[in-house]
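coords25.pdb follows (PDB, C-alpha atoms):
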```
ATOM      1  CA  MET A 139     -55.571 -85.424  19.787  1.00  0.00           C
ATOM      2  CA  GLU A 140     -56.354 -82.094  20.963  1.00  0.00           C
ATOM      3  CA  TYR A 141     -54.738 -78.935  19.629  1.00  0.00           C
ATOM      4  CA  VAL A 142     -54.290 -75.915  21.770  1.00  0.00           C
ATOM      5  CA  TYR A 143     -54.078 -72.635  19.963  1.00  0.00           C
ATOM      6  CA  GLU A 144     -52.905 -69.524  21.611  1.00  0.00           C
ATOM      7  CA  LEU A 145     -54.039 -66.270  20.246  1.00  0.00           C
ATOM      8  CA  TYR A 146     -51.829 -63.234  20.632  1.00  0.00           C
ATOM      9  CA  VAL A 147     -53.163 -59.756  20.204  1.00  0.00           C
ATOM     10  CA  VAL A 148     -50.445 -57.568  18.713  1.00  0.00           C
ATOM     11  CA  THR A 149     -50.744 -53.886  19.380  1.00  0.00           C
ATOM     12  CA  LYS A 150     -48.971 -51.125  17.472  1.00  0.00           C
ATOM     13  CA  ARG A 151     -46.497 -50.626  20.279  1.00  0.00           C
ATOM     14  CA  ASP A 152     -45.576 -54.284  20.240  1.00  0.00           C
ATOM     15  CA  ALA A 153     -45.167 -54.168  16.473  1.00  0.00           C
ATOM     16  CA  MET A 154     -42.775 -51.184  16.717  1.00  0.00           C
ATOM     17  CA  LYS A 155     -40.740 -52.978  19.372  1.00  0.00           C
ATOM     18  CA  ARG A 156     -40.523 -56.036  17.188  1.00  0.00           C
ATOM     19  CA  ILE A 157     -39.544 -53.955  14.128  1.00  0.00           C
ATOM     20  CA  ARG A 158     -36.943 -52.068  16.153  1.00  0.00           C
ATOM     21  CA  LYS A 159     -35.480 -55.319  17.412  1.00  0.00           C
ATOM     22  CA  ASP A 160     -35.434 -56.812  13.982  1.00  0.00           C
ATOM     23  CA  ASN A 161     -34.300 -53.898  11.804  1.00  0.00           C
ATOM     24  CA  GLY A 162     -32.296 -51.519  14.029  1.00  0.00           C
ATOM     25  CA  HIS A 163     -33.263 -47.846  14.289  1.00  0.00           C
ATOM     26  CA  THR A 164     -36.218 -45.988  12.891  1.00  0.00           C
ATOM     27  CA  LEU A 165     -35.897 -43.439  10.126  1.00  0.00           C
ATOM     28  CA  ILE A 166     -36.636 -40.550  12.491  1.00  0.00           C
ATOM     29  CA  GLU A 167     -33.830 -41.599  14.812  1.00  0.00           C
ATOM     30  CA  MET A 168     -31.401 -41.796  11.890  1.00  0.00           C
ATOM     31  CA  VAL A 169     -32.384 -38.316  10.635  1.00  0.00           C
ATOM     32  CA  LEU A 170     -31.943 -36.833  14.129  1.00  0.00           C
ATOM     33  CA  VAL A 171     -28.511 -38.393  14.586  1.00  0.00           C
ATOM     34  CA  SER A 172     -27.406 -37.264  11.107  1.00  0.00           C
ATOM     35  CA  GLY A 173     -28.592 -33.721  11.863  1.00  0.00           C
ATOM     36  CA  LEU A 174     -26.680 -33.630  15.156  1.00  0.00           C
ATOM     37  CA  ILE A 175     -23.520 -34.909  13.485  1.00  0.00           C
ATOM     38  CA  GLY A 176     -23.936 -32.248  10.775  1.00  0.00           C
ATOM     39  CA  VAL A 177     -24.269 -29.455  13.358  1.00  0.00           C
ATOM     40  CA  LEU A 178     -21.175 -30.687  15.228  1.00  0.00           C
ATOM     41  CA  MET A 179     -19.171 -30.867  11.986  1.00  0.00           C
ATOM     42  CA  LEU A 180     -20.253 -27.318  11.096  1.00  0.00           C
ATOM     43  CA  LEU A 181     -19.090 -26.028  14.490  1.00  0.00           C
ATOM     44  CA  LEU A 182     -15.763 -27.822  14.182  1.00  0.00           C
ATOM     45  CA  TRP A 183     -15.241 -26.530  10.627  1.00  0.00           C
ATOM     46  CA  THR A 184     -15.921 -22.889  11.557  1.00  0.00           C
ATOM     47  CA  ASN A 185     -13.520 -23.158  14.499  1.00  0.00           C
ATOM     48  CA  TYR A 186     -10.877 -24.678  12.240  1.00  0.00           C
ATOM     49  CA  LEU A 187     -11.266 -21.888   9.682  1.00  0.00           C
ATOM     50  CA  SER A 188     -11.052 -19.243  12.393  1.00  0.00           C
ATOM     51  CA  ILE A 189      -7.834 -20.720  13.790  1.00  0.00           C
ATOM     52  CA  HIS A 190      -6.397 -21.109  10.284  1.00  0.00           C
ATOM     53  CA  ARG A 191      -7.122 -17.455   9.440  1.00  0.00           C
ATOM     54  CA  THR A 192      -5.528 -16.291  12.686  1.00  0.00           C
ATOM     55  CA  TYR A 193      -2.317 -18.230  12.040  1.00  0.00           C
ATOM     56  CA  THR A 194      -2.196 -17.136   8.399  1.00  0.00           C
ATOM     57  CA  LYS A 195      -2.644 -13.468   9.354  1.00  0.00           C
ATOM     58  CA  ALA A 196       0.053 -13.739  12.006  1.00  0.00           C
ATOM     59  CA  GLY A 197       2.407 -15.418   9.549  1.00  0.00           C
ATOM     60  CA  LYS A 198       1.843 -12.753   6.887  1.00  0.00           C
ATOM     61  CA  LYS A 199       2.312  -9.987   9.436  1.00  0.00           C
ATOM     62  CA  ALA A 200       5.590 -11.511  10.591  1.00  0.00           C
ATOM     63  CA  GLN A 201       6.723 -11.896   6.980  1.00  0.00           C
ATOM     64  CA  ASN A 202       5.936  -8.238   6.220  1.00  0.00           C
ATOM     65  CA  LEU A 203       7.741  -7.037   9.336  1.00  0.00           C
ATOM     66  CA  GLU A 204      10.735  -9.194   8.501  1.00  0.00           C
ATOM     67  CA  GLU A 205      10.936  -7.717   5.003  1.00  0.00           C
ATOM     68  CA  ALA A 206      10.853  -4.161   6.351  1.00  0.00           C
ATOM     69  CA  ARG A 207      13.414  -5.032   9.049  1.00  0.00           C
ATOM     70  CA  LEU A 208      15.728  -6.436   6.394  1.00  0.00           C
ATOM     71  CA  ILE A 209      15.725  -3.075   4.631  1.00  0.00           C
ATOM     72  CA  VAL A 210      16.302  -1.265   7.929  1.00  0.00           C
ATOM     73  CA  THR A 211      19.217  -3.591   8.724  1.00  0.00           C
ATOM     74  CA  HIS A 212      20.813  -2.922   5.318  1.00  0.00           C
ATOM     75  CA  ILE A 213      20.485   0.828   5.872  1.00  0.00           C
ATOM     76  CA  GLN A 214      21.991   0.678   9.362  1.00  0.00           C
ATOM     77  CA  ASP A 215      24.812  -1.612   8.241  1.00  0.00           C
ATOM     78  CA  ALA A 216      25.615   0.612   5.275  1.00  0.00           C
ATOM     79  CA  PHE A 217      25.740   3.715   7.474  1.00  0.00           C
ATOM     80  CA  GLN A 218      28.051   1.965   9.946  1.00  0.00           C
ATOM     81  CA  LYS A 219      30.314   0.450   7.304  1.00  0.00           C
ATOM     82  CA  TYR A 220      30.699   3.458   5.022  1.00  0.00           C
ATOM     83  CA  GLU A 221      30.442   6.261   7.583  1.00  0.00           C
ATOM     84  CA  SER A 222      33.930   7.701   7.056  1.00  0.00           C
ATOM     85  CA  LYS A 223      33.553   8.377   3.336  1.00  0.00           C
ATOM     86  CA  GLY A 224      30.255  10.295   3.523  1.00  0.00           C
ATOM     87  CA  CYS A 225      26.844   9.829   1.990  1.00  0.00           C
ATOM     88  CA  LYS A 226      24.010  11.666   0.352  1.00  0.00           C
ATOM     89  CA  ILE A 227      20.295  10.983   0.232  1.00  0.00           C
ATOM     90  CA  ILE A 228      18.368  11.976  -2.885  1.00  0.00           C
ATOM     91  CA  ILE A 229      14.609  12.449  -2.455  1.00  0.00           C
ATOM     92  CA  TYR A 230      11.887  11.967  -5.064  1.00  0.00           C
ATOM     93  CA  GLU A 231       9.956  15.182  -4.458  1.00  0.00           C
ATOM     94  CA  THR A 232      12.758  17.575  -5.441  1.00  0.00           C
ATOM     95  CA  GLY A 233      15.327  15.253  -6.980  1.00  0.00           C
ATOM     96  CA  THR A 234      17.941  16.891  -4.772  1.00  0.00           C
ATOM     97  CA  GLU A 235      19.928  15.967  -1.707  1.00  0.00           C
ATOM     98  CA  LEU A 236      18.098  15.864   1.607  1.00  0.00           C
ATOM     99  CA  GLU A 237      18.807  18.969   3.673  1.00  0.00           C
ATOM    100  CA  ASP A 238      18.496  19.562   7.427  1.00  0.00           C
ATOM    101  CA  GLU A 239      14.901  19.787   8.718  1.00  0.00           C
ATOM    102  CA  GLU A 240      13.590  18.299   5.476  1.00  0.00           C
ATOM    103  CA  GLU A 241      11.615  15.135   4.800  1.00  0.00           C
ATOM    104  CA  GLY A 242      10.584  13.224   1.719  1.00  0.00           C
ATOM    105  CA  THR A 243      10.472   9.899  -0.072  1.00  0.00           C
ATOM    106  CA  VAL A 244      13.874   8.276  -0.522  1.00  0.00           C
ATOM    107  CA  LYS A 245      14.935   7.855  -4.115  1.00  0.00           C
ATOM    108  CA  GLN A 246      18.538   6.895  -3.521  1.00  0.00           C
ATOM    109  CA  ILE A 247      21.099   6.653  -0.712  1.00  0.00           C
ATOM    110  CA  VAL A 248      24.675   6.867  -2.020  1.00  0.00           C
ATOM    111  CA  PHE A 249      27.778   6.010   0.022  1.00  0.00           C
ATOM    112  CA  GLU A 250      31.141   6.951  -1.436  1.00  0.00           C
ATOM    113  CA  GLU A 251      33.653   4.127  -1.461  1.00  0.00           C
ATOM    114  CA  ASP A 252      37.100   3.770  -3.031  1.00  0.00           C
ATOM    115  CA  SER A 253      35.953   0.909  -5.249  1.00  0.00           C
ATOM    116  CA  GLY A 254      32.838   2.821  -6.369  1.00  0.00           C
ATOM    117  CA  ASP A 255      29.611   4.163  -4.949  1.00  0.00           C
ATOM    118  CA  ILE A 256      27.421   1.929  -2.805  1.00  0.00           C
ATOM    119  CA  GLU A 257      23.715   2.553  -3.462  1.00  0.00           C
ATOM    120  CA  ILE A 258      20.409   1.777  -1.861  1.00  0.00           C
ATOM    121  CA  VAL A 259      17.716   2.628  -4.401  1.00  0.00           C
ATOM    122  CA  TYR A 260      13.932   2.814  -4.005  1.00  0.00           C
ATOM    123  CA  ASN A 261      11.954   2.312  -7.209  1.00  0.00           C
ATOM    124  CA  ARG A 262       8.557   3.809  -6.429  1.00  0.00           C
ATOM    125  CA  SER A 263       6.790   2.525  -9.559  1.00  0.00           C
ATOM    126  CA  GLN A 264       7.920  -1.081  -9.008  1.00  0.00           C
ATOM    127  CA  LYS A 265       7.686  -0.772  -5.193  1.00  0.00           C
ATOM    128  CA  LYS A 266      11.153  -2.317  -4.750  1.00  0.00           C
ATOM    129  CA  VAL A 267      14.237  -1.466  -2.731  1.00  0.00           C
ATOM    130  CA  THR A 268      17.607  -2.627  -4.048  1.00  0.00           C
ATOM    131  CA  PHE A 269      21.063  -2.680  -2.490  1.00  0.00           C
ATOM    132  CA  GLN A 270      23.732  -2.731  -5.196  1.00  0.00           C
ATOM    133  CA  THR A 271      21.226  -4.178  -7.729  1.00  0.00           C
ATOM    134  CA  VAL A 272      20.118  -6.931  -5.319  1.00  0.00           C
ATOM    135  CA  GLU A 273      16.463  -6.672  -4.365  1.00  0.00           C
ATOM    136  CA  ILE A 274      16.110  -6.475  -0.579  1.00  0.00           C
ATOM    137  CA  GLY A 275      12.428  -5.543  -0.407  1.00  0.00           C
ATOM    138  CA  SER A 276       9.343  -5.771  -2.591  1.00  0.00           C
ATOM    139  CA  GLU A 277       5.865  -4.299  -2.329  1.00  0.00           C
ATOM    140  CA  ILE A 278       7.266  -1.287  -0.459  1.00  0.00           C
ATOM    141  CA  SER A 279       4.506   1.298  -0.792  1.00  0.00           C
ATOM    142  CA  ASP A 280       6.461   4.098   0.883  1.00  0.00           C
ATOM    143  CA  PHE A 281      10.047   4.766   1.970  1.00  0.00           C
ATOM    144  CA  LYS A 282      10.171   8.072   3.855  1.00  0.00           C
ATOM    145  CA  VAL A 283      13.081   9.838   5.494  1.00  0.00           C
ATOM    146  CA  LYS A 284      13.154  12.867   7.761  1.00  0.00           C
ATOM    147  CA  ARG A 285      16.353  14.651   8.697  1.00  0.00           C
ATOM    148  CA  ASN A 286      16.486  16.486  11.989  1.00  0.00           C
ATOM    149  CA  ASP A 287      19.959  17.868  12.672  1.00  0.00           C
ATOM    150  CA  GLN A 288      22.100  14.759  13.294  1.00  0.00           C
ATOM    151  CA  LEU A 289      19.284  12.210  13.048  1.00  0.00           C
ATOM    152  CA  LEU A 290      17.689  10.458  10.102  1.00  0.00           C
ATOM    153  CA  ASP A 291      14.280   8.906  10.730  1.00  0.00           C
ATOM    154  CA  PHE A 292      13.338   6.273   8.171  1.00  0.00           C
ATOM    155  CA  THR A 293       9.781   4.969   7.821  1.00  0.00           C
ATOM    156  CA  ILE A 294       9.236   1.961   5.590  1.00  0.00           C
ATOM    157  CA  GLU A 295       5.719   0.918   4.654  1.00  0.00           C
ATOM    158  CA  VAL A 296       5.176  -2.600   3.332  1.00  0.00           C
ATOM    159  CA  GLU A 297       1.885  -3.254   1.584  1.00  0.00           C
ATOM    160  CA  LYS A 298       0.815  -6.813   0.888  1.00  0.00           C
ATOM    161  CA  LYS A 299      -2.286  -7.652  -1.060  1.00  0.00           C
ATOM    162  CA  GLY A 300      -4.491 -10.181   0.656  1.00  0.00           C
ATOM    163  CA  ASN A 301      -6.221 -13.271  -0.630  1.00  0.00           C
ATOM    164  CA  ASN A 302      -9.382 -15.087   0.382  1.00  0.00           C
ATOM    165  CA  VAL A 303      -7.939 -15.809   3.843  1.00  0.00           C
ATOM    166  CA  VAL A 304      -5.914 -12.685   4.665  1.00  0.00           C
ATOM    167  CA  GLU A 305      -7.016  -9.120   3.972  1.00  0.00           C
ATOM    168  CA  ASP A 306      -4.712  -6.399   2.647  1.00  0.00           C
ATOM    169  CA  GLN A 307      -2.040  -5.407   5.167  1.00  0.00           C
ATOM    170  CA  VAL A 308       0.025  -2.273   5.531  1.00  0.00           C
ATOM    171  CA  MET A 309       2.957  -2.496   7.948  1.00  0.00           C
ATOM    172  CA  GLN A 310       5.215   0.331   9.055  1.00  0.00           C
ATOM    173  CA  VAL A 311       8.716  -0.077  10.445  1.00  0.00           C
ATOM    174  CA  GLU A 312      10.726   2.877  11.660  1.00  0.00           C
ATOM    175  CA  THR A 313      14.383   3.354  12.501  1.00  0.00           C
ATOM    176  CA  THR A 314      16.615   6.259  13.435  1.00  0.00           C
ATOM    177  CA  VAL A 315      20.212   6.644  12.273  1.00  0.00           C
ATOM    178  CA  THR A 316      22.664   9.118  13.821  1.00  0.00           C
ATOM    179  CA  LEU A 317      24.473  11.260  11.285  1.00  0.00           C
ATOM    180  CA  GLU A 318      27.545  12.454  13.151  1.00  0.00           C
ATOM    181  CA  TYR A 319      29.624  11.163  10.298  1.00  0.00           C
ATOM    182  CA  ILE A 320      27.699  12.487   7.270  1.00  0.00           C
ATOM    183  CA  LYS A 321      29.935  14.407   4.939  1.00  0.00           C
ATOM    184  CA  GLU A 322      29.139  16.016   1.642  1.00  0.00           C
ATOM    185  CA  LEU A 323      30.044  14.004  -1.415  1.00  0.00           C
ATOM    186  CA  PRO A 324      31.873  15.908  -4.121  1.00  0.00           C
TER     187      PRO A 324
END
```

Would you mind writing the file's structure down as structure tokens?
Amino acid sequence: MEYVYELYVVTKRDAMKRIRKDNGHTLIEMVLVSGLIGVLMLLLWTNYLSIHRTYTKAGKKAQNLEEARLIVTHIQDAFQKYESKGCKIIIYETGTELEDEEEGTVKQIVFEEDSGDIEIVYNRSQKKVTFQTVEIGSEISDFKVKRNDQLLDFTIEVEKKGNNVVEDQVMQVETTVTLEYIKELP
């Protein structure tokens, strides 16, 4: 009986091919793939954060504008509803009624009504505007009025403190009211 032996010479390259076939991927390949996945995740995360900040800023801006518009709407409605009885505007700087060609920070707007005075009050220290004791605006940093003959120009400044996503915001909303009907209150 004769035995035939075959001798195989295994080179390094052949050994790597055999290892790769037997065990999957090499360590270097796994590190490269993990690094690429990490870079892609970082890019996706930064894009997500950027989009999130944009939407949050837009939402806060809309909320601030809506709050200022609510105050403006209350002022316009009050002037239209109580126009026949007269009104007076008291300003902070002098504590007196607003005169023609004068401007200042609104302290109080008073409309005379048979059932009692209707008031819109700005509390500067608390940064709140109230309509008949109901708060209609908070974080109001300024509430200016300027009278020019028959026109009242109101400027309302809403200031919201930011957080880690949205920076501080200051919004201004302006409105003009015609004063053909303003009468002096007794």

Judged by only C-alpha atoms, the minimum distance to Gln264 in chain A among A:Leu236, A:Ile209, A:Ile166, A:Ile278 is found for A:Ile278

Discussion item. Can you pull out the residues contacting Ile213 in chain A? Cut-off 10 Å, using only C-alpha atoms, and skip same-chain residues under 2 positions away; I want them as a PyMOL selection string.
Written reply: chain A and resi 207-211+215-219+247+258+269+292+313+315

- request: Take CA of Leu203 in chain A and CA of Asp255 in chain A and report the distance between them in Å, one decimal.
  value: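 These atoms are spaced 28.4 Å apart.
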
Among A:Phe281, A:Tyr141, A:Tyr186, A:Tyr220, Gly242 in chain A is approached most closely, using all atoms listed in the file, by A:Phe281

I'd like to know which of A:Arg262, A:Lys226, A:Arg191, A:Lys284 is closest to Glu239 in chain A, using all atoms listed in the file.
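Among A:Arg262, A:Lys226, A:Arg191, A:Lys284, it is A:Lys284 that comes nearest to Glu239 in chain A.
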
What separates CA of Ile227 in chain A and CA of Val244 in chain A is a distance of 7.0 Å

key: Two-atom distance - CA of Ile294 in chain A, CA of Lys198 in chain A (Å)   =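 According to the coordinates, CA of Ile294 in chain A and CA of Lys198 in chain A are separated by 16.5 Å.
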
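Proximity of A:His163, A:Glu140, A:Val283, A:Trp183 to Glu237 in chain A, computed with only C-alpha atoms, is greatest for A:Val283.
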
Padding of 5 Å on every side, edges along x, y and z, all listed atoms of range 202-213 of chain A included: what centre and edge lengths in Å, to one decimal, does that box have, as AutoDock Vina command-line options?
```
--center_x 13.4 --center_y -4.2 --center_z 7.0 --size_x 24.9 --size_y 20.0 --size_z 14.7
```

**the PyMOL selection byres ((chain A and resi 229) around 8) resolved against shown file, as an NGL selection string** = :A and (227-228 or 230-236 or 242-246)

Export of prior selection with C-alpha atoms as a PDB file, in the frame of the given file:
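File written: selection_12.pdb
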```
ATOM      1  CA  ILE A 227      20.295  10.983   0.232  1.00  0.00           C
ATOM      2  CA  ILE A 228      18.368  11.976  -2.885  1.00  0.00           C
ATOM      3  CA  TYR A 230      11.887  11.967  -5.064  1.00  0.00           C
ATOM      4  CA  GLU A 231       9.956  15.182  -4.458  1.00  0.00           C
ATOM      5  CA  THR A 232      12.758  17.575  -5.441  1.00  0.00           C
ATOM      6  CA  GLY A 233      15.327  15.253  -6.980  1.00  0.00           C
ATOM      7  CA  THR A 234      17.941  16.891  -4.772  1.00  0.00           C
ATOM      8  CA  GLU A 235      19.928  15.967  -1.707  1.00  0.00           C
ATOM      9  CA  LEU A 236      18.098  15.864   1.607  1.00  0.00           C
ATOM     10  CA  GLY A 242      10.584  13.224   1.719  1.00  0.00           C
ATOM     11  CA  THR A 243      10.472   9.899  -0.072  1.00  0.00           C
ATOM     12  CA  VAL A 244      13.874   8.276  -0.522  1.00  0.00           C
ATOM     13  CA  LYS A 245      14.935   7.855  -4.115  1.00  0.00           C
ATOM     14  CA  GLN A 246      18.538   6.895  -3.521  1.00  0.00           C
TER      15      GLN A 246
END
```

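Residue nearest Glu297 in chain A, chosen from A:Gly254, A:Gln201, A:Ile274, A:Glu241 and counting only C-alpha atoms: A:Gln201.
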